[in-house]
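One structure is given below, encoded as structure tokens.
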Number of protein chains: 2
Amino acid sequence: MDIFDSPDIKLLVFDVFGTVVDWRGSVIAEGEAVWKDRGLDIDWEKFVDQWRAGYQPAMDPIRNGKAEWNIIDVLHRQILDDLLIEFDVQHLTEEQKIDLNYIWHRLNPWDDAVDGLRKLRQQFTTTTLSNGNMSLLVNLSKHAGLRWDCILSAELARHYKPDLETYQMACDLMGVAPHNAMMVASHRLDLLASQQIGMRTAFVHRPLEFGIDGLREEPDESFDLIVSDFLDLHRQLTSDISLM
Amino acid sequence: MDIFDSPDIKLLVFDVFGTVVDWRGSVIAEGEAVWKDRGLDIDWEKFVDQWRAGYQPAMDPIRNGKAEWNIIDVLHRQILDDLLIEFDVQHLTEEQKIDLNYIWHRLNPWDDAVDGLRKLRQQFTTTTLSNGNMSLLVNLSKHAGLRWDCILSAELARHYKPDLETYQMACDLMGVAPHNAMMVASHRLDLLASQQIGMRTAFVHRPLEFGIDGLREEPDESFDLIVSDFLDLHRQLTSDISLM
């Protein structure tokens, strides 16, 4: 298909953490398999939940203009350093701490993600739009076998989602008007923000993102599509003529 | 291979026009095959050579701070509008002019490029670093079947190569020190600039870039590698232990 003959929706913009990759399951799995033997015999569910819980509070001062820009790798490390004190872990070398912090570069995709993205890429242009920094997204995609047409990060706008500048930057860099672009995410706030600049929205159910007993995000009635996974997204996008 | 266990050179940074794609042959081929029938029965060799010749003079005022930032799509269009007057072409619609300008989004790769990049990507992280804008590079890569780990453009730095800011941005975004990155290009100036921030360099012979009778770029003795194509680059990078 000539990419200039594509239908009304030309660009799919993907959130990554939770939407594409199972960050919680991946960190727990590597923790149990690798880091336990290195002396981190801790409650990995609790550890990853607290690590992730530090993420929004670390971004907020930057979003509010009260702190300088910093990439997620740096924020992850600041949270990690506090956590290691809290969990009374004192024996890690600096090299090991760097490696542990890069656990976020080695997350595994949900089962449908690689195949779903492959199918979607045949008919649409696909890009990430994540708060993760560029090198994190590049390493993660290589690790997970995720193929994108482009990798974009909040780092390029120096604004974290849901700041509207980030969504606008993605559309501008891709040369696509917002109404020809669809934000794909498993989080309401991400999609609601993208709507504000005129993007279309697809909500992906990822009920296990925060664990079996964890928070479950629910879609808003304003979203254009509600899908169970990326294969379902492909089915709905390629059959729903009314949306085209 | 774990990407964190890679040898000394971790990142390959590719110039695109001339190095990866045959811009001159591609524009001439589409001109003859498509645009002749639309009334552009012109000397396509002369037309593309003049179009390309306008490229440096269009970037120079931006590089010198005498003009505002503009992406290559816009510069290409400005040059095109002048050329259409010079070649006395008056019948094109605005839609056709936009389409013709996007000929630079539809360039074809040199014969070795797709396979060479596939092999190189198995052992290194690969990215573009082109003066072409992001959407041009994304559309071009999709058209040509080029698979990258990342697509980076001078647009992200708002500095055209050979401004050093552009090379530094690429290394910074990829989280790689310049001495762990290698610039790959068929142009001396591009490689000489990248050396100034400490990058390694590979010169690719592309003797037909400017046509059979056109300019031939020659390597500088300071370059780390001199290769005949991307398959040769793969061979030299994976056999030359001394460089690792």
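Labels for the structure tokens follow display order: chains A, B, ..., residues from 1 in each chain, ligands from 1.
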
So that each row is one residue of chain A with an atom at most 12 Å from chain B, can you give its shortest atom pair and the distance in Å to one decimal, using only C-alpha atoms, rows by chain and rising number, as CSV?
```
residue,atom,partner,partner_atom,distance
A:Met1,CA,B:His143,CA,9.5
A:Asp2,CA,B:His143,CA,8.0
A:Ile3,CA,B:Asn139,CA,7.5
A:Phe4,CA,B:Asp99,CA,9.1
A:Asp5,CA,B:Asp99,CA,11.5
A:Lys10,CA,B:Asn139,CA,11.5
A:Leu11,CA,B:Ser135,CA,11.1
A:Ile71,CA,B:Leu173,CA,10.1
A:Asp73,CA,B:Gly175,CA,10.2
A:Val74,CA,B:Gly175,CA,11.9
A:Ile98,CA,B:Phe4,CA,11.4
A:Asp99,CA,B:Phe4,CA,9.1
A:Tyr102,CA,B:Phe4,CA,9.7
A:Ile103,CA,B:Phe4,CA,11.4
A:His105,CA,B:Phe4,CA,10.2
A:Arg106,CA,B:Asp2,CA,9.9
A:Arg121,CA,B:Lys142,CA,9.4
A:Gln122,CA,B:Lys142,CA,9.5
A:Gln123,CA,B:Lys142,CA,10.9
A:Phe124,CA,B:Lys142,CA,10.3
A:Thr125,CA,B:Val138,CA,8.4
A:Thr126,CA,B:Val138,CA,9.6
A:Thr127,CA,B:Val138,CA,9.7
A:Thr128,CA,B:Cys150,CA,11.0
A:Gly132,CA,B:Leu173,CA,11.6
A:Asn133,CA,B:Leu173,CA,7.8
A:Met134,CA,B:Leu173,CA,5.8
A:Ser135,CA,B:Met174,CA,4.6
A:Leu136,CA,B:Met174,CA,8.4
A:Leu137,CA,B:Cys150,CA,9.2
A:Val138,CA,B:Asp149,CA,6.2
A:Asn139,CA,B:Ile3,CA,7.5
A:Leu140,CA,B:Ile3,CA,10.1
A:Ser141,CA,B:Asp149,CA,7.9
A:Lys142,CA,B:Asp149,CA,7.0
A:His143,CA,B:Ile3,CA,7.9
A:Ala144,CA,B:Asp2,CA,11.5
A:Gly145,CA,B:Asp149,CA,10.3
A:Leu146,CA,B:Asp149,CA,9.7
A:Arg147,CA,B:Asp149,CA,8.3
A:Trp148,CA,B:Asp149,CA,8.3
A:Asp149,CA,B:Val138,CA,6.2
A:Cys150,CA,B:Ile151,CA,6.1
A:Ile151,CA,B:Cys150,CA,6.1
A:Leu152,CA,B:Ile151,CA,9.0
A:Ser153,CA,B:Leu173,CA,10.1
A:Ala154,CA,B:Leu173,CA,11.7
A:Glu155,CA,B:Leu173,CA,8.5
A:Leu156,CA,B:Leu156,CA,7.2
A:Ala157,CA,B:Leu156,CA,9.3
A:Arg158,CA,B:Leu156,CA,11.6
A:Met169,CA,B:Leu156,CA,10.6
A:Ala170,CA,B:Met134,CA,10.2
A:Cys171,CA,B:Ser135,CA,9.7
A:Asp172,CA,B:Ser135,CA,8.8
A:Leu173,CA,B:Met134,CA,5.8
A:Met174,CA,B:Ser135,CA,4.6
A:Gly175,CA,B:Ser135,CA,5.7
A:Val176,CA,B:Ser135,CA,8.7
```

Emit the selected residues as an mmCIF file, in the first residue's frame, including C-alpha atoms.
```cif
data_model
loop_
_atom_site.group_PDB
_atom_site.id
_atom_site.type_symbol
_atom_site.label_atom_id
_atom_site.label_comp_id
_atom_site.auth_asym_id
_atom_site.auth_seq_id
_atom_site.Cartn_x
_atom_site.Cartn_y
_atom_site.Cartn_z
ATOM 1 C CA MET A 1 0.000 0.000 0.000
ATOM 2 C CA ASP A 2 1.290 3.450 -0.832
ATOM 3 C CA ILE A 3 1.577 5.261 2.468
ATOM 4 C CA PHE A 4 0.135 8.406 0.896
ATOM 5 C CA ASP A 5 -3.054 6.545 -0.062
ATOM 6 C CA LYS A 10 -2.570 7.412 9.106
ATOM 7 C CA LEU A 11 -0.622 7.367 12.349
ATOM 8 C CA ILE A 71 15.102 11.879 31.871
ATOM 9 C CA ASP A 73 16.608 6.946 33.720
ATOM 10 C CA VAL A 74 17.694 9.615 36.201
ATOM 11 C CA ILE A 98 23.370 1.018 37.112
ATOM 12 C CA ASP A 99 22.509 -2.430 35.790
ATOM 13 C CA TYR A 102 18.447 -0.493 33.436
ATOM 14 C CA ILE A 103 15.944 -3.244 34.258
ATOM 15 C CA HIS A 105 15.316 -1.119 29.405
ATOM 16 C CA ARG A 106 14.628 -4.871 29.436
ATOM 17 C CA ARG A 121 2.493 -1.461 10.741
ATOM 18 C CA GLN A 122 1.435 -2.872 7.383
ATOM 19 C CA GLN A 123 -1.414 -0.369 7.149
ATOM 20 C CA PHE A 124 -0.454 2.496 9.424
ATOM 21 C CA THR A 125 2.615 4.393 10.470
ATOM 22 C CA THR A 126 3.428 3.458 14.052
ATOM 23 C CA THR A 127 5.406 5.314 16.685
ATOM 24 C CA THR A 128 5.953 5.208 20.403
ATOM 25 C CA GLY A 132 10.624 6.838 28.861
ATOM 26 C CA ASN A 133 13.759 8.405 27.400
ATOM 27 C CA MET A 134 14.883 7.670 23.847
ATOM 28 C CA SER A 135 17.687 5.247 24.740
ATOM 29 C CA LEU A 136 15.349 3.361 27.085
ATOM 30 C CA LEU A 137 12.773 2.974 24.302
ATOM 31 C CA VAL A 138 15.382 1.949 21.728
ATOM 32 C CA ASN A 139 16.950 -0.644 24.031
ATOM 33 C CA LEU A 140 13.535 -1.889 25.179
ATOM 34 C CA SER A 141 12.264 -2.293 21.615
ATOM 35 C CA LYS A 142 15.412 -4.166 20.597
ATOM 36 C CA HIS A 143 15.145 -6.419 23.647
ATOM 37 C CA ALA A 144 11.447 -7.118 23.133
ATOM 38 C CA GLY A 145 11.555 -7.468 19.335
ATOM 39 C CA LEU A 146 9.122 -4.582 18.863
ATOM 40 C CA ARG A 147 9.237 -3.021 15.409
ATOM 41 C CA TRP A 148 8.213 0.617 15.039
ATOM 42 C CA ASP A 149 8.331 3.068 12.164
ATOM 43 C CA CYS A 150 9.604 5.654 14.609
ATOM 44 C CA ILE A 151 10.500 6.034 18.253
ATOM 45 C CA LEU A 152 9.413 9.244 19.950
ATOM 46 C CA SER A 153 9.751 10.204 23.579
ATOM 47 C CA ALA A 154 8.647 12.995 25.877
ATOM 48 C CA GLU A 155 12.398 13.645 26.089
ATOM 49 C CA LEU A 156 12.256 15.295 22.651
ATOM 50 C CA ALA A 157 9.629 17.797 23.834
ATOM 51 C CA ARG A 158 11.106 18.119 27.322
ATOM 52 C CA MET A 169 5.203 17.364 19.023
ATOM 53 C CA ALA A 170 4.507 13.789 17.925
ATOM 54 C CA CYS A 171 1.958 14.872 15.313
ATOM 55 C CA ASP A 172 4.187 17.722 14.105
ATOM 56 C CA LEU A 173 7.309 15.548 13.738
ATOM 57 C CA MET A 174 5.333 12.915 11.865
ATOM 58 C CA GLY A 175 3.783 15.508 9.576
ATOM 59 C CA VAL A 176 0.262 14.318 10.426
#
```

> Which residues come within 9 Å of stretch 191-193 of chain B, counting only C-alpha atoms, excluding same-chain residues fewer than 6 positions away, as a list in words?
Replying inline: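 After dropping sequence-adjacent residues, the list is Lys161, Pro162, Asp163, Leu164, Tyr167, Met183, Val184, Ala185, Met199, Arg200, Thr201, Ala202, Phe203, Asp220, Ser222 and Phe223 of chain B.
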
So which bits of stretch 4-243 of chain B end up helix (DSSP H, G or I) when you DSSP the backbone, as a VMD selection string? chain B and resid 4 to 5 23 to 35 44 to 53 55 to 63 72 to 86 94 to 105 113 to 123 134 to 144 154 to 157 164 to 174 178 to 180 188 to 196 230 to 239 241 to 243

Counting only C-alpha atoms, which of A:Asn108, A:Ser228, A:Gln236, A:Ser194 gets nearest to A:Val16?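 Nearest candidate to A:Val16 out of A:Asn108, A:Ser228, A:Gln236, A:Ser194: A:Asn108.
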
| message | So that I can check the surroundings of stretch 21-35 of chain A, please list as a PyMOL selection string every protein, DNA and RNA residue that reaches within 7 Å of it, counting only C-alpha atoms and ignoring chain neighbours fewer than 4 positions away. | response | chain A and resi 16-17+39-40+44-45+48+103+107-110+209-210
